[in-house]
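Here is the structure we will look at, set down as structure tokens.
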Amino acid sequence: MGAARAPLLPPGTLELLAPARDLDCARAAIDCGADAVYMGAPRFGAREAAGNTLDDLAAAAAYAHRYWARLYVTINTLLTDRELAEAEQLTWELANAGADAFIIQDVGLLECKLPPLPLVASTQVHNHTPERVAFLEQVGLHRAILARELDLGAIRNIRQAATGIELECFIHGALCVSYSGQCALSYALGGRSGNQGQCAQPCRKPYRLLDAHDQPVADRNHWLCIRDLNLSSVLADLVDAGVTSFKIEGRLKDRAYVANTVAHYRTQLDEVMRKRGLRRSSSGQSSAGFVPDPAKTFNRGFTTYFVHGRDGKIGAPTSPKMLGEKLGTVRQVSGDRITLARRVHVQAGDGLCFLARGTVQGTQVNGTEGERILVQNPSGIRPGTVLYRNHDHGFFTAIAQARMERRTAVEFALRVTESGLMLSVRDEDGVEADRELAGRFEPARQAGALESIRKQLAKTGGTPYTCTGVKIEAAATPFLPVSILNGLRRDVLEALTKAREEKRPRPTGGAFPGSCAPYPERELSHFGNVLNSRAEAFYRRHGVTRIEPAAESGLDLHGRKVMTTRYCVKHQLDLCDGGAGPNEPWFLVDDDGNRLRLVFDCERCGMDVILE
């Protein structure tokens with residue numbers, strides 16, 4: 001069924017997967033402990049603004065490979081026939097740059113001649129049922145990125161149905177309110193397709209909410225905006241359900257966000273693995289150089305989404321912006337001096353924000369005078385205003401100044417041979433190298449010479465290694481100048497680096513050519529996302545008989561569904577009746593007059609959005 005295949009993850013290991021919008025973010029992610037990073041290709045990534053040059057991708061791959069970490073490149077947009085040919089060529093350029101796998105959405109790529117590298121089904125493929133994920137396994141994909149809205153039971157069912165495919169799960173970051181890959185709202189309202197990397201995020205806009213009789217249900221608000229995901233508390237449950245790769249969202253986020261979230265989840269996941277006898281899927285120990293706190297970097301408030309079923313409210317209707325840490329209520333305002341009802345610690349440079357007339361407004365802290373906070377612009381702040389801190393200057397300064405580093409553990413052994421000295425090194429992965437120095441060496445005459453040799457050999461600064469032990473085998477301690485020891489250590493570590501690259505696990509594979517496994521559906525609507533002839537040929541070969549082209553082909557979407565979601569506005573407003581009352585639609589109307597009909601499907605506990 002195809003060429004020899006090697007998995008992305010070694011047996012008995014888990015992966016912490018981090019986003020990287022650029023090379024700087026990729027290095028920070030690796031230094032803070034990521035086992036892999038995912039980055040956008042120069043074109044065809046689902047975050048159009050997060051593309052990277054081939055040179056930067058090659059540099060990111062080389063940096064990751066030092067630690068046997070991996071680079072995954074996203075080519076996860078829908079492609080036209082012309083773009084498909086360009087994407088096929090791009091995969092070979094990316095393979096030459098060192099990519100370890102491709103994250104794809106368009107199945108037309110499975111009909112192309114691609115490099116023999118693993119393929120990962122993007123969450124845009126809508127991997128939400130056991131049948132669909134099992135199908136992906138049967139056609140040769142290495143991994144499926146699970147739909148975000150799945151609960152633990154659904155994940156377990158998928159694992160039982162598809163035992164040979166790796167399962168990747170989002171654990172942190174922004175959430176699409178729609179089922180991933182099943183949203184045409186941005187395209188319908190403005191011609192910018194999320195499936196082509198251009199989502200305008202209309203779900204984050206404010207809307208008026210009307211009932212079936214055009215009467216207001218609630219005030220104008222961001223009724224499709226939801227909180228950000230944080231699954232720190234359920235990592236162990238996800239491991240037990242069969243997840244092997246734990247993914248942080250954020251290819252548009254900055255270096256501070258990436259470093260903070262990776263450092264946090266590295267600690268959390270390591271503790272879960274320790275209790276279950278599992279290992280990291282890359283080498284080395286990381287030191288972030290700061291204390292991580294996910295609440296300090298961008299978020300809209302946190303939710304566990306549906307991992308435990310419908311559990312609490314997930315909406316963030318107040319604002320799509322970050323409010324941050326609640327400081328308290330303003331008691332008094334005097335010029336640019338503010339006093340809160342309780343004393344809080346703030347410092348110059350902190351960012352404060354508050355809600356006024358339905359929008360988030362903000363100012364900066366200039367200093368403090370006892371209990372009073374001096375702000376740059378007090379406009380809009382009055383007694384009773386609730387203040388939040390959405391930028392902790394001290395925290396971000398700590399990240400900016402942190403010495404983030406990652407080192408692979410090594411042990412040295414020095415012994416005298418018939419022709420001179422032999423220095424050997426062995427790393428934590430069992431890779432070995434040695435270098436011999438010919439010549440005769442006089443015995444050392446100074447006390448403590450043995451300890452001096454150990455200390456000198458252990459100095460690995462400036463390399464990606466840290467020494468955990470030095471063993472010396474010699475009848476008499478030889479006299480070795482510092483320059484000799486430094487040169488010998490440098491040479492043997494250079495040899496180790498080459499040996500590690502030669503022995504680095506390399507995932508291989510690709511789709512199974514000519515596979516005819518039956519697709520679990522016989523008809524595809526525009527949400528099947530078929531935009532090119534090869535994608536159509538793929539589905540027809542796998543038994544699909546009716547295929548509607550993707551919305552991006554130019555379909556008129558008026559009167560048609562443009563989004564499906566498990567989020568429910570009625571539930572958010574505590575107006576859910578479980579379907580007992582009249583199931584009349586509600587409507588969202590934006591500031592441009594666009595009108596969306598909300599159809600409540602109480603049987604499956606979800607909501608459809610239809611363009612009027």
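Every chain in the structure tokens has a letter given in the order shown (A, B, ...), and although residue numbers restart at 1 in each chain, ligands are simply numbered from 1 in the order shown.
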
Exercise: segment 335-351 of chain A partners within 6 Å, only C-alpha atoms, chain neighbours under 6 positions left out, as an MDAnalysis selection string: chainID A and resid 329 364:367 372:375 378 389:393

Contacts of segment 26-33 of chain A within 10 Å, only C-alpha atoms, excl. fewer than 2 positions in-chain, as a PyMOL selection string: chain A and resi 16-24+35-39+56-57+59-61+63-67+69-71+255-267+280+282-289+403-407

Contacts of segment 48-51 of chain A at 12 Å (only C-alpha atoms; same-chain gap of 2+ positions) as a PyMOL selection string: chain A and resi 19-23+25+38-46+53-57+73-77+192-200+250-254

Atomic separation - atom CA of Val492 of chain A relative to atom CA of Gln446 of chain A, Å: 26.4 Å

Close residues, Trp586 of chain A itself excluded, 6 Å, only C-alpha atoms, min 3 positions apart in chain, as an MDAnalysis selection string: chainID A and resid 210:212 597:598

Computed interatomic separation between atom CA of Thr129 of chain A and atom CA of Glu168 of chain A (Å):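 For atom CA of Thr129 of chain A relative to atom CA of Glu168 of chain A, the distance reads 14.1 Å.
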
Contact residues around Cys225 of chain A with only C-alpha atoms at 9 Å, ignoring same-chain residues under 5 positions, as a list in words: Cys176, Val177, Cys203, Arg204, Lys205, Pro206, Ile314, Gly315, Ala316, Pro317, Thr318, Ser319 and Pro320 of chain A

Two-atom distance - atom CA of Arg534 of chain A, atom CA of Phe512 of chain A (Å):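 Going from atom CA of Arg534 of chain A over to atom CA of Phe512 of chain A covers 15.3 Å.
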
For Ile453 of chain A, the nearest of the candidates A:Val482, A:Cys353, A:Leu150, A:Cys467, counting only C-alpha atoms: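 Among A:Val482, A:Cys353, A:Leu150, A:Cys467, it is A:Val482 that comes nearest to Ile453 of chain A.
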
Any idea what's packed within 8 Å of Leu611 of chain A, counting only C-alpha atoms, ignoring anything in its chain fewer than 4 positions away? Could you give it as an mmCIF file with N, CA and C atoms, in the first residue's frame?
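Final file, around_12.cif:
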```cif
data_model
loop_
_atom_site.group_PDB
_atom_site.id
_atom_site.type_symbol
_atom_site.label_atom_id
_atom_site.label_comp_id
_atom_site.auth_asym_id
_atom_site.auth_seq_id
_atom_site.Cartn_x
_atom_site.Cartn_y
_atom_site.Cartn_z
ATOM 1 N N ALA A 188 -19.176 34.735 2.305
ATOM 2 C CA ALA A 188 -20.519 35.168 1.924
ATOM 3 C C ALA A 188 -20.704 36.667 2.124
ATOM 4 N N LEU A 557 -24.826 32.281 -2.016
ATOM 5 C CA LEU A 557 -25.120 31.660 -0.729
ATOM 6 C C LEU A 557 -26.344 32.250 -0.045
ATOM 7 N N HIS A 558 -27.025 33.172 -0.659
ATOM 8 C CA HIS A 558 -28.231 33.722 -0.045
ATOM 9 C C HIS A 558 -29.276 32.617 0.125
ATOM 10 N N GLY A 559 -29.829 32.548 1.314
ATOM 11 C CA GLY A 559 -30.803 31.509 1.616
ATOM 12 C C GLY A 559 -30.182 30.174 1.963
ATOM 13 N N ARG A 560 -28.839 30.141 2.083
ATOM 14 C CA ARG A 560 -28.153 28.877 2.346
ATOM 15 C C ARG A 560 -27.380 28.958 3.657
ATOM 16 N N LYS A 561 -27.129 27.789 4.195
ATOM 17 C CA LYS A 561 -26.364 27.703 5.432
ATOM 18 C C LYS A 561 -24.926 28.130 5.184
ATOM 19 N N VAL A 562 -24.412 29.023 6.040
ATOM 20 C CA VAL A 562 -23.029 29.465 5.904
ATOM 21 C C VAL A 562 -22.205 29.114 7.144
ATOM 22 N N ARG A 595 -28.012 40.347 7.163
ATOM 23 C CA ARG A 595 -28.973 39.678 8.036
ATOM 24 C C ARG A 595 -28.716 38.167 8.012
ATOM 25 N N LEU A 596 -28.539 37.599 9.198
ATOM 26 C CA LEU A 596 -28.273 36.166 9.344
ATOM 27 C C LEU A 596 -29.398 35.527 10.145
ATOM 28 N N ARG A 597 -29.952 34.440 9.617
ATOM 29 C CA ARG A 597 -31.008 33.719 10.319
ATOM 30 C C ARG A 597 -30.398 32.615 11.177
#
```

All residues 10 Å or closer to Arg522 of chain A, only C-alpha atoms, same chain fewer than 5 positions away omitted, as a list in words: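 Residues near the query, excluding close chain neighbours: Tyr539, Arg540, His542, Gly543, Val544, Thr545, Arg546 and Ile547 of chain A.
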
Test item, strand (DSSP E or B) assignment across segment 5-185 of chain A, answer as a ChimeraX atom specification: /A:6,13-19,36-40,51,70-75,101-104,119-121,127,143-146,166-173,183

Selected residue, from A:Arg357, A:Arg500, A:Arg208, A:Arg506, that lies nearest to Gly98 of chain A when counting only C-alpha atoms: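 Result for the nearest residue to Gly98 of chain A: A:Arg506.
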
Using only C-alpha atoms: which of A:Arg82, A:Asp608, A:Phe290, A:Arg276 has the shortest distance to Gln401 of chain A: A:Phe290

Taking a cut-off of 12 Å and counting only C-alpha atoms, can you build a table that, for each residue of segment 66-151 of chain A near segment 306-312 of chain A, reports the nearest atom pair and how far apart they are in Å (one decimal), sorted by chain then residue number, as a Markdown table?
```
| residue | atom | partner | partner_atom | distance |
| --- | --- | --- | --- | --- |
| A:Leu146 | CA | A:Val307 | CA | 11.8 |
| A:Ala147 | CA | A:Phe306 | CA | 10.8 |
| A:Arg148 | CA | A:Phe306 | CA | 8.1 |
| A:Glu149 | CA | A:Phe306 | CA | 5.6 |
| A:Leu150 | CA | A:Val307 | CA | 6.1 |
| A:Asp151 | CA | A:Val307 | CA | 3.9 |
```

Selected residues written out with N, CA and C atoms, as an mmCIF file, in the first residue's frame:
```cif
data_model
loop_
_atom_site.group_PDB
_atom_site.id
_atom_site.type_symbol
_atom_site.label_atom_id
_atom_site.label_comp_id
_atom_site.auth_asym_id
_atom_site.auth_seq_id
_atom_site.Cartn_x
_atom_site.Cartn_y
_atom_site.Cartn_z
ATOM 1 N N LEU A 146 -8.032 16.774 15.276
ATOM 2 C CA LEU A 146 -9.422 16.579 15.657
ATOM 3 C C LEU A 146 -10.207 17.887 15.664
ATOM 4 N N ALA A 147 -11.486 17.771 15.321
ATOM 5 C CA ALA A 147 -12.381 18.924 15.415
ATOM 6 C C ALA A 147 -12.394 19.426 16.856
ATOM 7 N N ARG A 148 -12.387 20.743 17.010
ATOM 8 C CA ARG A 148 -12.260 21.332 18.343
ATOM 9 C C ARG A 148 -13.458 21.059 19.245
ATOM 10 N N GLU A 149 -14.629 20.846 18.646
ATOM 11 C CA GLU A 149 -15.840 20.763 19.449
ATOM 12 C C GLU A 149 -16.113 19.363 20.006
ATOM 13 N N LEU A 150 -15.186 18.423 19.814
ATOM 14 C CA LEU A 150 -15.406 17.049 20.277
ATOM 15 C C LEU A 150 -15.284 16.949 21.791
ATOM 16 N N ASP A 151 -16.073 16.038 22.381
ATOM 17 C CA ASP A 151 -15.902 15.738 23.798
ATOM 18 C C ASP A 151 -15.030 14.501 23.955
#
```

Among listed residues A:Gly578, A:Gly554, A:Pro585, A:Gly358, nearest Gly191 of chain A (using only C-alpha atoms):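 Smallest separation from Gly191 of chain A among the options: A:Gly554.
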
Closest of A:Ala537, A:Leu185, A:Ala101, A:Ala174 to Asn299 of chain A - atom-to-atom distances counting only C-alpha atoms: A:Ala174

Which residue of A:Thr508, A:Gln456, A:Ser178, A:Ser424 approaches Leu9 of chain A most closely, using only C-alpha atoms: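 Among A:Thr508, A:Gln456, A:Ser178, A:Ser424, it is A:Thr508 that comes nearest to Leu9 of chain A.
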
In segment 140-192 of chain A, DSSP alpha helix (DSSP H) residues written as a ChimeraX atom specification: /A:152-161,185-190
